[in-house]
Structure formats: structure tokens, C-alpha cells
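File shown: model-v3.txt (compact mmCIF, C-alpha atoms).
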# COMPACT_ATOMS: atom_id res chain seq x y z
CA MET A 1 26.15 -1.78 -46.34
CA SER A 2 22.88 -0.83 -44.76
CA SER A 3 20.44 -2.10 -42.22
CA HIS A 4 17.14 -3.64 -43.19
CA LYS A 5 15.21 -0.84 -41.59
CA SER A 6 11.63 -1.03 -40.49
CA GLY A 7 9.14 1.09 -42.43
CA GLY A 8 9.13 3.67 -39.64
CA GLU A 9 12.92 3.92 -39.65
CA GLU A 10 13.05 4.32 -43.44
CA ARG A 11 10.81 7.36 -43.06
CA LEU A 12 13.12 8.75 -40.36
CA CYS A 13 14.02 11.90 -42.24
CA THR A 14 10.43 12.85 -42.99
CA LEU A 15 9.30 12.74 -39.37
CA SER A 16 8.66 15.86 -37.37
CA LYS A 17 11.18 17.21 -34.90
CA GLY A 18 9.39 15.79 -31.88
CA LEU A 19 9.02 12.28 -33.24
CA LEU A 20 12.55 12.08 -34.61
CA ALA A 21 14.08 11.94 -31.14
CA PRO A 22 14.90 8.30 -30.24
CA SER A 23 11.78 8.38 -28.10
CA ARG A 24 9.91 11.16 -26.38
CA GLY A 25 11.00 9.70 -23.06
CA LEU A 26 14.65 10.25 -23.93
CA THR A 27 14.11 13.91 -24.74
CA GLN A 28 12.14 14.49 -21.57
CA GLY A 29 14.53 12.38 -19.51
CA SER A 30 17.47 14.54 -20.49
CA GLN A 31 15.93 17.67 -19.05
CA ASN A 32 17.60 17.89 -15.66
CA PRO A 33 19.97 20.67 -14.55
CA GLU A 34 23.13 18.64 -15.29
CA GLU A 35 22.11 17.73 -18.84
CA ARG A 36 22.48 21.11 -20.50
CA ILE A 37 23.09 21.45 -24.22
CA PHE A 38 26.81 21.54 -25.02
CA HIS A 39 28.29 24.16 -27.34
CA ILE A 40 30.24 22.50 -30.17
CA ASN A 41 33.49 24.03 -28.89
CA GLU A 42 32.98 22.37 -25.49
CA VAL A 43 32.90 18.81 -26.84
CA ARG A 44 36.66 18.36 -27.33
CA ALA A 45 37.41 20.16 -24.05
CA LYS A 46 35.02 17.79 -22.25
CA LEU A 47 36.70 14.75 -23.85
CA LEU A 48 40.15 15.99 -22.79
CA GLU A 49 38.83 16.41 -19.24
CA ILE A 50 37.29 12.90 -19.18
CA VAL A 51 40.49 11.26 -20.44
CA GLY A 52 42.82 13.58 -18.53
CA VAL A 53 45.32 14.31 -21.28
CA SER A 54 47.28 17.45 -21.98
CA THR A 55 46.60 19.83 -24.84
CA ASN A 56 50.38 20.20 -25.28
CA TRP A 57 51.96 17.66 -27.61
CA ARG A 58 55.24 17.69 -25.65
CA ASP A 59 53.38 16.39 -22.55
CA HIS A 60 51.62 13.50 -24.27
CA VAL A 61 54.04 10.75 -23.15
CA LYS A 62 53.75 11.79 -19.49
CA ALA A 63 49.95 12.01 -19.76
CA MET A 64 49.67 8.52 -21.21
CA GLU A 65 51.91 7.17 -18.42
CA GLU A 66 49.52 8.68 -15.86
CA ARG A 67 46.58 6.97 -17.57
CA LYS A 68 48.11 3.56 -16.82
CA LEU A 69 47.27 4.14 -13.13
CA LEU A 70 43.55 4.13 -13.98
CA SER A 71 43.57 0.41 -14.85
CA SER A 72 42.42 -0.47 -11.29
CA PHE A 73 39.01 1.04 -12.15
CA LEU A 74 38.45 -1.42 -15.03
CA ALA A 75 35.76 -4.07 -14.47
CA GLU A 76 36.64 -7.77 -14.45
CA SER A 77 33.35 -8.60 -16.16
CA GLN A 78 30.31 -6.84 -17.61
CA LYS A 79 28.18 -8.11 -14.70
CA ALA A 80 30.32 -6.06 -12.32
CA LEU A 81 29.18 -2.83 -14.01
CA PRO A 82 25.92 -1.01 -13.22
CA SER A 83 23.27 -1.05 -15.96
CA ARG A 84 22.52 2.22 -17.74
CA ARG A 85 19.44 3.58 -19.49
CA MET A 86 19.47 5.04 -23.01
CA LYS A 87 18.54 8.42 -21.58
CA ASP A 88 21.68 8.38 -19.38
CA SER A 89 23.85 8.86 -22.46
CA TYR A 90 21.46 11.19 -24.34
CA THR A 91 23.40 14.30 -25.39
CA GLU A 92 22.57 17.46 -27.31
CA VAL A 93 25.17 19.73 -28.91
CA LEU A 94 24.56 23.10 -30.53
CA LEU A 95 26.50 24.41 -33.52
CA PRO A 96 25.27 28.04 -33.58
CA LEU A 97 26.18 29.06 -37.13
CA GLY A 98 23.31 31.55 -37.20
CA SER A 99 23.65 33.17 -33.80
CA GLN A 100 27.49 33.12 -33.76
CA PRO A 101 28.66 34.15 -37.26
CA GLU A 102 32.34 33.92 -36.20
CA LEU A 103 32.00 30.10 -36.31
CA ARG A 104 30.85 30.17 -39.93
CA GLU A 105 34.12 30.39 -41.83
CA LYS A 106 35.38 27.02 -40.57
CA TYR A 107 32.20 25.39 -41.92
CA LEU A 108 31.69 27.40 -45.11
CA THR A 109 32.00 26.13 -48.69
CA VAL A 110 32.53 28.42 -51.68
CA GLN A 111 28.97 27.53 -52.77
CA ASN A 112 27.69 29.04 -49.48
CA THR A 113 26.71 25.69 -47.97
CA VAL A 114 28.02 23.79 -44.92
CA ARG A 115 31.19 21.68 -45.29
CA PHE A 116 30.06 18.10 -44.79
CA GLY A 117 33.62 17.08 -43.89
CA ARG A 118 33.39 19.29 -40.79
CA ILE A 119 30.09 17.64 -39.86
CA LEU A 120 31.81 14.23 -40.04
CA GLU A 121 34.42 15.49 -37.55
CA ASP A 122 31.71 16.73 -35.18
CA LEU A 123 29.74 13.46 -35.39
CA ASP A 124 32.88 11.46 -34.57
CA SER A 125 33.62 13.56 -31.47
CA LEU A 126 29.98 13.47 -30.34
CA GLY A 127 29.82 9.68 -30.68
CA VAL A 128 32.83 9.28 -28.38
CA LEU A 129 31.40 11.74 -25.81
CA ILE A 130 28.05 9.87 -25.76
CA CYS A 131 29.87 6.60 -25.02
CA TYR A 132 31.84 8.19 -22.19
CA LYS A 133 28.55 9.32 -20.64
CA HIS A 134 27.20 5.75 -20.90
CA THR A 135 30.32 4.32 -19.20
CA LYS A 136 30.87 7.07 -16.61
CA ILE A 137 32.36 5.89 -13.32
CA HIS A 138 31.18 8.28 -10.61
CA SER A 139 33.99 7.37 -8.20
CA ALA A 140 36.71 8.26 -10.72
CA LYS A 141 37.49 11.78 -11.92
CA MET A 142 38.87 10.43 -15.21
CA SER A 143 37.65 7.48 -17.28
CA PRO A 144 39.87 4.38 -17.38
CA LEU A 145 38.45 3.53 -20.80
CA SER A 146 39.87 4.43 -24.19
CA ILE A 147 36.85 4.74 -26.49
CA VAL A 148 37.51 4.83 -30.22
CA THR A 149 35.42 4.71 -33.40
CA ALA A 150 35.39 1.22 -34.90
CA LEU A 151 32.89 1.71 -37.70
CA VAL A 152 30.67 4.27 -39.38
CA ASP A 153 27.77 1.97 -40.20
CA LYS A 154 25.57 4.48 -42.01
CA ILE A 155 25.01 8.19 -42.50
CA ASP A 156 21.91 9.23 -44.43
CA MET A 157 21.31 12.78 -45.61
CA CYS A 158 17.74 14.07 -45.76
CA LYS A 159 18.53 17.41 -47.40
CA LYS A 160 20.65 18.29 -50.45
CA SER A 161 22.56 21.11 -48.78
CA LEU A 162 22.68 22.92 -45.45
CA SER A 163 22.56 26.66 -44.83
CA PRO A 164 25.65 28.15 -43.14
CA GLU A 165 23.46 30.89 -41.67
CA GLN A 166 21.14 28.81 -39.47
CA ASP A 167 21.89 27.05 -36.18
CA ILE A 168 22.48 23.28 -36.22
CA LYS A 169 21.74 20.89 -33.37
CA PHE A 170 23.08 17.35 -32.88
CA SER A 171 21.55 14.76 -30.56
CA GLY A 172 22.31 11.13 -29.86
CA HIS A 173 22.54 8.26 -27.39
CA VAL A 174 23.78 4.68 -27.04
CA SER A 175 21.23 2.41 -28.73
CA TRP A 176 22.86 -1.03 -28.34
CA VAL A 177 25.74 -2.58 -26.40
CA GLY A 178 27.78 -5.75 -26.71
CA LYS A 179 30.39 -6.78 -24.16
CA THR A 180 33.02 -4.27 -25.27
CA SER A 181 31.29 -2.31 -28.05
CA MET A 182 28.47 0.24 -28.31
CA GLU A 183 26.25 1.41 -31.15
CA VAL A 184 25.44 5.13 -31.15
CA LYS A 185 22.48 6.66 -32.99
CA MET A 186 22.80 10.36 -33.79
CA GLN A 187 20.61 12.90 -35.54
CA MET A 188 21.27 16.37 -36.87
CA PHE A 189 18.70 19.16 -37.14
CA GLN A 190 18.79 22.65 -38.65
CA LEU A 191 16.79 25.66 -37.57
CA HIS A 192 14.12 26.89 -39.99
CA ASP A 193 11.37 29.35 -39.02
CA ASN A 194 12.28 28.96 -35.31
CA GLU A 195 11.95 25.16 -35.41
CA PHE A 196 14.60 22.47 -35.76
CA PHE A 197 14.00 20.10 -38.69
CA PRO A 198 15.85 16.78 -39.30
CA VAL A 199 18.60 16.83 -41.92
CA LEU A 200 20.77 13.76 -41.14
CA SER A 201 20.75 10.43 -39.28
CA ALA A 202 23.88 8.47 -38.38
CA THR A 203 24.85 5.14 -36.80
CA PHE A 204 28.37 4.67 -35.44
CA VAL A 205 29.93 1.70 -33.62
CA MET A 206 32.46 2.47 -30.87
CA VAL A 207 34.75 0.08 -28.98
CA ALA A 208 36.07 0.37 -25.43
CA ARG A 209 39.67 -0.48 -24.66
CA ASP A 210 41.78 -0.30 -21.50
CA SER A 211 43.49 2.87 -20.27
CA GLU A 212 46.55 2.16 -22.44
CA ASN A 213 44.39 1.40 -25.51
CA LYS A 214 45.90 -2.10 -25.72
CA ARG A 215 43.10 -4.59 -25.03
CA PRO A 216 39.26 -4.63 -25.02
CA ALA A 217 37.43 -3.44 -21.91
CA PHE A 218 33.89 -4.16 -20.71
CA VAL A 219 31.10 -1.59 -21.03
CA ASN A 220 27.92 -1.09 -19.00
CA PRO A 221 24.87 -3.14 -20.03
CA LEU A 222 21.67 -1.38 -21.15
CA ILE A 223 18.27 -1.34 -19.44
CA LEU A 224 15.42 -1.08 -21.96
CA GLU A 225 12.50 0.98 -20.64
CA SER A 226 9.98 1.08 -23.49
CA PRO A 227 8.91 -0.79 -26.65
CA GLU A 228 10.69 1.92 -28.72
CA GLU A 229 13.96 1.24 -26.89
CA GLU A 230 13.50 -2.52 -27.29
CA GLU A 231 13.07 -1.95 -31.04
CA LEU A 232 16.23 0.19 -31.19
CA PHE A 233 18.19 -2.50 -29.36
CA ARG A 234 16.77 -5.22 -31.64
CA GLN A 235 17.82 -3.11 -34.62
CA GLY A 236 21.34 -2.95 -33.17
CA GLU A 237 21.41 -6.77 -33.00
CA LEU A 238 20.21 -6.98 -36.61
CA ASN A 239 22.87 -4.47 -37.68
CA LYS A 240 25.57 -6.61 -36.07
CA GLY A 241 24.29 -9.76 -37.81
CA ARG A 242 24.03 -7.94 -41.14
CA ARG A 243 27.61 -6.68 -40.88
CA VAL A 244 28.84 -10.24 -40.31
CA ALA A 245 26.80 -11.50 -43.29
CA PHE A 246 27.97 -8.63 -45.52
CA SER A 247 31.59 -9.33 -44.60
CA SER A 248 31.16 -13.07 -45.27
CA ALA A 249 29.77 -12.33 -48.74
CA SER A 250 32.58 -9.88 -49.54
CA LEU A 251 33.97 -10.17 -53.06
CA LEU A 252 37.40 -10.54 -51.43
CA LYS A 253 36.16 -13.89 -50.06
CA MET A 254 33.31 -15.10 -52.29
CA ALA A 255 32.67 -15.19 -56.03
CA PRO A 256 30.01 -12.83 -57.40
CA THR A 257 26.43 -14.07 -57.60
CA ALA A 258 25.06 -15.43 -60.88
CA GLU A 259 23.19 -12.17 -61.48
CA GLU A 260 26.34 -10.14 -60.83
CA ARG A 261 28.38 -12.33 -63.19
CA THR A 262 25.79 -11.73 -65.91
CA THR A 263 25.97 -7.98 -65.30
CA ILE A 264 29.75 -7.94 -65.72
CA HIS A 265 29.66 -10.17 -68.82
CA ASP A 266 27.00 -7.98 -70.45
CA MET A 267 29.13 -4.89 -69.76
CA PHE A 268 32.17 -6.65 -71.23
CA LEU A 269 30.26 -7.60 -74.40
CA SER A 270 29.01 -4.00 -74.80
CA THR A 271 32.63 -2.79 -74.95
CA LEU A 272 33.83 -5.20 -77.66
CA ASP A 273 34.63 -3.63 -81.02
CA PRO A 274 31.98 -4.95 -83.48
CA LYS A 275 34.43 -4.49 -86.37
CA THR A 276 36.79 -7.17 -85.04
CA ILE A 277 36.15 -10.67 -83.76
CA SER A 278 38.45 -10.31 -80.76
CA PHE A 279 38.18 -10.19 -76.98
CA ARG A 280 41.05 -7.71 -76.90
CA SER A 281 39.58 -4.89 -78.99
CA ARG A 282 37.63 -2.77 -76.53
CA VAL A 283 35.71 0.41 -77.32
CA LEU A 284 33.64 2.57 -75.02
CA PRO A 285 29.90 2.67 -75.64
CA PRO A 286 28.30 6.13 -76.06
CA ASN A 287 28.28 8.11 -72.80
CA GLY A 288 30.78 5.70 -71.26
CA VAL A 289 33.99 6.33 -69.29
CA TRP A 290 36.69 3.80 -68.34
CA MET A 291 36.86 3.39 -64.57
CA GLU A 292 40.64 3.83 -64.54
CA SER A 293 40.28 7.40 -65.82
CA SER A 294 38.16 8.48 -62.83
CA LYS A 295 40.95 8.33 -60.22
CA LEU A 296 42.25 11.15 -58.01
CA LYS A 297 44.95 10.89 -55.33
CA SER A 298 46.17 12.98 -52.41
CA LEU A 299 48.90 12.92 -49.78
CA ASP A 300 48.79 14.33 -46.25
CA ILE A 301 51.47 14.58 -43.59
CA CYS A 302 49.79 13.73 -40.26
CA HIS A 303 50.85 16.56 -37.95
CA PRO A 304 50.32 16.62 -34.14
CA GLN A 305 47.54 19.20 -34.63
CA GLU A 306 45.31 16.44 -36.08
CA ARG A 307 45.74 14.03 -33.15
CA ASN A 308 42.91 12.68 -31.03
CA ILE A 309 42.81 12.44 -27.24
CA PHE A 310 44.92 9.24 -27.41
CA ASN A 311 47.63 10.82 -29.57
CA ARG A 312 46.69 8.97 -32.72
CA ILE A 313 45.30 10.78 -35.77
CA PHE A 314 41.68 11.83 -35.21
CA GLY A 315 39.23 9.60 -37.13
CA GLY A 316 37.12 12.64 -38.01
CA PHE A 317 40.13 14.22 -39.76
CA LEU A 318 40.61 11.04 -41.84
CA MET A 319 36.91 11.05 -42.76
CA ARG A 320 37.00 14.73 -43.72
CA ARG A 321 40.05 14.34 -45.96
CA ALA A 322 38.58 11.21 -47.61
CA TYR A 323 35.20 12.90 -48.11
CA GLU A 324 36.75 16.01 -49.68
CA LEU A 325 38.79 13.90 -52.12
CA GLY A 326 35.68 11.83 -52.88
CA TRP A 327 33.67 15.01 -53.51
CA ALA A 328 36.35 16.32 -55.88
CA THR A 329 36.36 12.97 -57.71
CA ALA A 330 32.57 13.07 -58.15
CA CYS A 331 32.73 16.72 -59.25
CA ASN A 332 35.49 16.02 -61.77
CA PHE A 333 33.66 12.96 -63.13
CA GLY A 334 30.15 14.37 -63.35
CA GLY A 335 31.09 17.86 -64.53
CA SER A 336 28.77 19.55 -62.03
CA ARG A 337 28.44 20.08 -58.32
CA PRO A 338 27.71 16.83 -56.44
CA PHE A 339 25.68 16.52 -53.22
CA ILE A 340 26.38 13.88 -50.59
CA VAL A 341 23.52 11.40 -50.18
CA ALA A 342 24.97 8.66 -47.97
CA VAL A 343 28.14 7.45 -46.27
CA ASP A 344 28.44 3.84 -45.21
CA ASP A 345 30.64 0.99 -44.09
CA ILE A 346 33.72 2.94 -42.98
CA MET A 347 35.78 0.43 -41.02
CA PHE A 348 38.71 1.78 -38.99
CA GLN A 349 41.09 -1.14 -39.47
CA LYS A 350 44.28 0.35 -38.05
CA PRO A 351 45.06 3.52 -36.09
CA VAL A 352 47.10 6.18 -37.87
CA GLU A 353 50.15 7.37 -35.96
CA VAL A 354 51.18 11.02 -35.73
CA GLY A 355 53.92 11.69 -38.28
CA SER A 356 52.61 9.15 -40.81
CA LEU A 357 52.23 9.86 -44.50
CA LEU A 358 48.56 9.43 -45.43
CA PHE A 359 47.91 8.31 -49.02
CA LEU A 360 44.32 8.60 -50.27
CA SER A 361 43.19 7.14 -53.58
CA SER A 362 39.68 7.84 -54.85
CA GLN A 363 37.76 6.54 -57.85
CA VAL A 364 34.26 6.30 -59.24
CA CYS A 365 33.24 2.65 -59.10
CA PHE A 366 29.52 2.73 -60.02
CA THR A 367 27.08 5.20 -61.62
CA GLN A 368 23.35 5.23 -62.27
CA GLU A 369 21.33 8.15 -63.70
CA ASN A 370 22.73 11.13 -61.74
CA TYR A 371 24.18 9.09 -58.84
CA ILE A 372 27.90 8.52 -58.39
CA GLN A 373 29.33 5.88 -56.04
CA VAL A 374 32.87 6.79 -54.96
CA ARG A 375 35.35 4.55 -53.15
CA VAL A 376 38.28 6.11 -51.28
CA HIS A 377 41.13 3.85 -50.20
CA SER A 378 43.36 5.06 -47.35
CA GLU A 379 46.83 3.77 -46.54
CA VAL A 380 49.71 5.01 -44.43
CA ALA A 381 53.49 4.74 -44.40
CA SER A 382 55.84 5.89 -41.66
CA LEU A 383 58.83 8.06 -42.52
CA GLN A 384 61.17 5.26 -41.39
CA ASP A 385 59.32 2.32 -42.95
CA LYS A 386 58.17 2.75 -46.54
CA GLU A 387 55.74 -0.21 -46.38
CA HIS A 388 52.16 0.91 -47.07
CA MET A 389 49.34 -0.40 -44.85
CA THR A 390 45.60 -0.02 -45.51
CA THR A 391 43.80 1.81 -42.69
CA ASN A 392 40.35 2.51 -44.13
CA VAL A 393 38.09 2.11 -47.14
CA PHE A 394 35.41 4.82 -47.45
CA HIS A 395 32.17 4.57 -49.44
CA PHE A 396 30.35 7.77 -50.49
CA THR A 397 27.18 8.12 -52.55
CA PHE A 398 26.82 11.46 -54.37
CA MET A 399 24.02 12.93 -56.44
CA SER A 400 25.03 15.15 -59.36
CA GLU A 401 22.96 18.06 -60.69
CA LYS A 402 22.74 16.32 -64.07
CA GLU A 403 22.91 12.79 -65.47
CA VAL A 404 26.44 11.38 -65.39
CA PRO A 405 28.32 9.05 -67.79
CA LEU A 406 28.27 5.28 -67.23
CA VAL A 407 31.49 3.93 -65.75
CA PHE A 408 32.93 0.75 -67.33
CA PRO A 409 35.47 -1.64 -65.74
CA ARG A 410 38.28 -2.84 -67.98
CA THR A 411 39.88 -5.54 -65.81
CA TYR A 412 38.58 -8.27 -63.50
CA GLY A 413 39.74 -6.29 -60.45
CA GLU A 414 37.83 -3.21 -61.63
CA SER A 415 34.79 -5.42 -62.26
CA MET A 416 34.88 -6.44 -58.59
CA LEU A 417 35.10 -2.76 -57.60
CA TYR A 418 32.07 -2.09 -59.81
CA LEU A 419 30.04 -4.85 -58.15
CA ASP A 420 31.10 -3.73 -54.67
CA GLY A 421 30.03 -0.18 -55.55
CA GLN A 422 26.73 -1.48 -56.88
CA ARG A 423 26.14 -3.38 -53.62
CA HIS A 424 26.75 -0.28 -51.53
CA PHE A 425 24.58 1.84 -53.80
CA SER A 426 21.73 -0.69 -53.66
CA SER A 427 21.84 -0.69 -49.86
CA MET A 428 21.13 3.04 -49.67
CA HIS A 429 17.89 4.19 -48.05
CA SER A 430 18.00 7.92 -48.74
CA LEU A 431 17.07 7.96 -52.42
CA GLU A 432 13.32 8.23 -52.07
CA THR A 433 13.58 10.95 -49.43
CA LEU A 434 15.80 13.11 -51.66
CA LYS A 435 13.66 12.53 -54.74
Take the structure in the file and write it out as C-alpha cells.
Amino acid sequence: MSSHKSGGEERLCTLSKGLLAPSRGLTQGSQNPEERIFHINEVRAKLLEIVGVSTNWRDHVKAMEERKLLSSFLAESQKALPSRRMKDSYTEVLLPLGSQPELREKYLTVQNTVRFGRILEDLDSLGVLICYKHTKIHSAKMSPLSIVTALVDKIDMCKKSLSPEQDIKFSGHVSWVGKTSMEVKMQMFQLHDNEFFPVLSATFVMVARDSENKRPAFVNPLILESPEEEELFRQGELNKGRRVAFSSASLLKMAPTAEERTTIHDMFLSTLDPKTISFRSRVLPPNGVWMESSKLKSLDICHPQERNIFNRIFGGFLMRRAYELGWATACNFGGSRPFIVAVDDIMFQKPVEVGSLLFLSSQVCFTQENYIQVRVHSEVASLQDKEHMTTNVFHFTFMSEKEVPLVFPRTYGESMLYLDGQRHFSSMHSLETLK
């Protein structure tokens, strides 16, 4: 799933550092004494302070009881809340891998690049912090809102790999608001020759809930101060409409298009054994692999260490584990080291409770030239109840160092996975930049 970006937005990753910021006004507007750049280690501490929860797991029940008292600060309507500017939520965070080598090991891969799974965790935390800045209530020490990630709409990479020996900077701000939801645009830069250059752009959607995380809560409206901000907000509206349209056309609800049906039938015919006149005799074409043979699975026990500020499992942890399994799947399938190109359409359908068993299932569902589309399905089961429930479906686009085999579906269900993978692959906007 991907937005129909304007020409300027499609070239996002090729813009210079100064122009990449949401607008020059935002960058300049953030330069007051209070708006210092956060260190990456301060982000979680700041979130804990805003929500007012304990770092000790044994105190979490008491802390959540205390949060109930904050419900009096919740607005009865959006009109009762003061409007905010985009620059009010603008935040910069530094990940000083170059100047603080002791941070490196946590982010290091064996290939001497940066672990993208760790970056997903940092983006998730930053998105929540940005939304808390947008909804800050000056009369309350702690926020009455529970802000959680609803959707990772799109992450586009502009560089094949990142150096673990150069500083990284994140920036972002709220770019669109509904009544109870907020879209956050974030960028990532890496230092090169004393200048920060863009390496990633991301769009997340966050939702606000009450202090007990039980029902939706209103968020502050946005004031638009420039044509650039009006365009960002308009893009947010388009993104919302596109998500609704994409969901309506889902293969779980609607039959494939005529073109898609032809694609699947042609693939089916190419796998029939020419020596027999039978629909049952199937043979792989040259350089083909059956989809069912591309699967990998993993199991995690969700320990308290991986909890978020609301004592559910941290969404960034789920994304990291899914990404790493997806990367291993692409590596195993393609036979060479894959590079992440895009992440999109990660919907957080259900929260994951501490103590759950997390089952991840990954498979290649579409390939083209040296690109591999991987789908990771996430489900949980509690120790008491063995019923499995789907929590997320992740979509990752990888680029292999060499051309990869074609993947062929064998069943109707796999054919739908193939078409869904093809749809996600076709929606990607990073290909030209990487080429």
C-alpha cells in the first residue's frame, strides 16, 4: 500500500538536507531553548515521564491505577482543545553511533552495517513522543492520553545500507490529524563529510485513547501556516482515503481483477507437465521455486522486558522480530545478502499481552528480477488459552545482490498471496531512487 505521491514527494530521498525537512519554517521554528535535540537514550525516559509509569514491572498495576485519575483532563470534544502548529510537535533525535562508539554494538550487523530492526524500534518510539508533544496539556504534569501505533503506512529506504560508524539523526512532526488519530512524518539522516544526508522517510499513524487505554480520545486540531503544510495535510487526507480504498479492494473481500486472473492462469499453465494432458501434473519451470518451500517460522516468549509504557508488548519489538525473520527468509530464498527497500501496510490489529507466545510465519510471496516481496504473519496465544489470534501482517520489500528465482503458487490461497504481494510491490516508490 502506498500513497499517490506528488512528483516532489517521490523525489524526497534525492533532496538536499535543508529541503528535506517538512518545511524550512518547521526547522527554524524548532530552534528555541526548550526544543533541544534529544539523545536516543532519552526518548524512552521522556515517554515514561509523560505517562507516569514505573520502570519496575512489579509496580505496573499500581501505576495503571494511578493513571485512571487523569481521566478528568480528557476533552469532551475536539473543539475544546487548543489548536497546534506542525512546528509544535517537531522533534529531532540523535543516535550518535560515530561519536559514542559504545552505542554501536546494539545496532551492529555481522556485515558491519546498521540493524534495520533497531531503527524500526526507534521510529516507533519517536512517533509516539511526537504525538505526545502535539497533545501536551500544560496544566497537567502527566498526559491523560494513551497513544499507540495503529499503522505503519510506509517506510522508504533511500540507501542500500547504513554505516555503523557515523552519527544518525531522526526528525519528525505531526502532519495530519483526524478526531482521534494523527499521522506522523519522520525522516532519518546520516552524517557524511560533516553534513547530514537523507537515508529514510517514514509515515506512521497513531491513535489516542483514554488514560486506561479503553476508548478513543480526542486530539488537538492542526493549524496550517504555509502552502507546504497545507499540501502535507492534503496528502494525509489522501492517504486516509487510499487506505480505505485499498482495504475495500482486499482479496479477502473482492475477487481479483481480470488482469490479475489472467496472470494467475498463465502461471498455472506454465507449470503443467507438457507430457500429460492433466491439470494435476505440475512441474516447475526453469528457475522456479514453489511458494510453499520459501517458509520460515519463529517463536518468541513475550517477556516483561519487551513491554511498552502501557504494559503491552512494544510494537517496535514486534516489528524488529518480524523484520529479522523476513530478512532471513529473503536471504535463504535468494542465496545472497538482501537489502531492505520498503516496509508498508503494517496494521496493529490487536495488542500483544506480556507473557504471550508470539508465532511468526514468513514466506516469499512475489519476486521480480532481484526483488523479493516477503509477507510475515504474526499471531499470539496465551499460556492458558491455546487459541491463536492474528495481531499483525507485515510486508517487506527486499533487494538481493543477484537475480532471484521466480516464485510459483500451487494453490488458490497461495495465488491470492502472490497477487497481494504483487500489489504491495507495485505500490513501492523507492525503486528508481535505489537504481
Interatomic distance (Å, one decimal) between CA of Phe116 in chain A and CA of Ala342 in chain A
11.2 Å
Nearest candidate to Leu406 in chain A (options A:Glu324, A:Glu225, A:Asp156, A:Glu369; using only C-alpha atoms):
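Looking at the shortest contact to Leu406 in chain A, the residue is A:Glu369.
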What is the CA of Leu232 in chain A to CA of Asn308 in chain A distance in Å?
29.5 Å
Top pick for closest residue to Val343 in chain A, considering A:Gln373, A:Gln111, A:Gln384, A:Gln422 and counting only C-alpha atoms
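For Val343 in chain A, the nearest of the candidates is A:Gln373.
Closest approach to Thr329 in chain A among A:Asn213, A:Asn41, A:Ser143, A:Ser362: A:Ser362, based on only C-alpha atoms.
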Would you pick out the contacts of Ile119 in chain A at 10 Å or less, using all atoms listed in the file, so that residues sharing its chain but fewer than 5 positions from it are not included, and give the list as a ChimeraX atom specification?
/A:95,107,114,124-125,170,188,316,319-320
Tell me, as a list in words, which residues lie within 8 Å of Pro164 in chain A, counting all atoms listed in the file; anything in the same chain fewer than 4 positions away does not count.
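Returned residues: Leu97, Gly98, Arg104, Tyr107, Leu108, Asn112, Thr113 and Val114 of chain A.
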Please determine, counting all atoms listed in the file, which residue among A:Glu259, A:Asp210, A:Asp193, A:Glu183 has the shortest atom-to-atom distance to Lys240 in chain A.
A:Glu183
Report, in Å to a single decimal, how far apart CA of Asp385 in chain A and CA of Gly355 in chain A are.
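Atom-to-atom, CA of Gly355 in chain A to CA of Asp385 in chain A, that is 11.8 Å.
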Residue nearest Leu358 in chain A among A:Gly326, A:Asn332, A:Tyr371, A:Phe317 (counting all atoms listed in the file):
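Closest candidate: A:Phe317.
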Option closest in space to Phe204 in chain A, from A:Gln190, A:Thr397, A:Thr262, A:Asn239 [counting all atoms listed in the file]
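Nearest to Phe204 in chain A: A:Asn239.
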Residues proximal to (32.4, -2.4, -63.3) were defined as those with any atom within 10 Å of that point in the file's coordinates, counting all atoms listed in the file. Which are they, as a count of residues only?
28
Distance query 12 Å from (33.6, 4.9, -77.9) using only C-alpha atoms, result as a VMD selection string:
chain A and resid 270 to 274 281 to 290 406 408
Just the residues within 9 Å of Ser181 in chain A, please, counting only C-alpha atoms, with nothing from its chain fewer than 6 positions along; format it as a PyMOL selection string.
chain A and resi 150+205-208+216-219
Considering all atoms listed in the file, return as number ranges by chain whatever protein or nucleic-acid residues lie within 7 Å of range 74-87 of chain A, sequence-local ones (same chain, fewer than 5 positions apart) excluded.
A: 26, 29-30, 134, 144, 173-175, 179, 218-224
Return the padded bounding box of range 120-136 of chain A as lines of an AutoDock Vina configuration file: axis-aligned, built from all atoms listed in the file, 4 Å added on each side, with centre and edge lengths in Å to one decimal.
center_x = 30.8
center_y = 10.5
center_z = -28.3
size_x = 15.2
size_y = 20.4
size_z = 31.4
Please, can range 314-318 of chain A be completed to all heavy atoms and returned as a PDB file, in the frame of the given file?
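Generated output (rebuild.pdb):
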ATOM      1  N   PHE A 314      43.122  11.746 -35.439  1.00  0.00           N
ATOM      2  CA  PHE A 314      41.680  11.830 -35.210  1.00  0.00           C
ATOM      3  C   PHE A 314      40.907  11.220 -36.387  1.00  0.00           C
ATOM      4  O   PHE A 314      41.118  11.587 -37.538  1.00  0.00           O
ATOM      5  CB  PHE A 314      41.339  13.316 -35.025  1.00  0.00           C
ATOM      6  CG  PHE A 314      39.885  13.668 -34.934  1.00  0.00           C
ATOM      7  CD1 PHE A 314      39.009  12.919 -34.165  1.00  0.00           C
ATOM      8  CD2 PHE A 314      39.396  14.789 -35.594  1.00  0.00           C
ATOM      9  CE1 PHE A 314      37.671  13.270 -34.081  1.00  0.00           C
ATOM     10  CE2 PHE A 314      38.067  15.150 -35.506  1.00  0.00           C
ATOM     11  CZ  PHE A 314      37.200  14.380 -34.748  1.00  0.00           C
ATOM     12  N   GLY A 315      40.010  10.260 -36.077  1.00  0.00           N
ATOM     13  CA  GLY A 315      39.230   9.600 -37.130  1.00  0.00           C
ATOM     14  C   GLY A 315      38.404  10.573 -37.947  1.00  0.00           C
ATOM     15  O   GLY A 315      38.215  10.386 -39.151  1.00  0.00           O
ATOM     16  N   GLY A 316      37.902  11.634 -37.295  1.00  0.00           N
ATOM     17  CA  GLY A 316      37.120  12.640 -38.010  1.00  0.00           C
ATOM     18  C   GLY A 316      37.933  13.354 -39.068  1.00  0.00           C
ATOM     19  O   GLY A 316      37.425  13.677 -40.149  1.00  0.00           O
ATOM     20  N   PHE A 317      39.233  13.595 -38.781  1.00  0.00           N
ATOM     21  CA  PHE A 317      40.130  14.220 -39.760  1.00  0.00           C
ATOM     22  C   PHE A 317      40.285  13.302 -40.979  1.00  0.00           C
ATOM     23  O   PHE A 317      40.219  13.755 -42.129  1.00  0.00           O
ATOM     24  CB  PHE A 317      41.490  14.500 -39.126  1.00  0.00           C
ATOM     25  CG  PHE A 317      42.578  14.865 -40.113  1.00  0.00           C
ATOM     26  CD1 PHE A 317      42.628  16.127 -40.687  1.00  0.00           C
ATOM     27  CD2 PHE A 317      43.549  13.932 -40.474  1.00  0.00           C
ATOM     28  CE1 PHE A 317      43.620  16.453 -41.602  1.00  0.00           C
ATOM     29  CE2 PHE A 317      44.544  14.253 -41.388  1.00  0.00           C
ATOM     30  CZ  PHE A 317      44.581  15.523 -41.953  1.00  0.00           C
ATOM     31  N   LEU A 318      40.469  12.002 -40.735  1.00  0.00           N
ATOM     32  CA  LEU A 318      40.610  11.040 -41.840  1.00  0.00           C
ATOM     33  C   LEU A 318      39.349  11.027 -42.692  1.00  0.00           C
ATOM     34  O   LEU A 318      39.411  11.013 -43.928  1.00  0.00           O
ATOM     35  CB  LEU A 318      40.890   9.644 -41.295  1.00  0.00           C
ATOM     36  CG  LEU A 318      42.150   9.470 -40.446  1.00  0.00           C
ATOM     37  CD1 LEU A 318      42.217   8.056 -39.876  1.00  0.00           C
ATOM     38  CD2 LEU A 318      43.401   9.777 -41.257  1.00  0.00           C
TER      39      LEU A 318
END
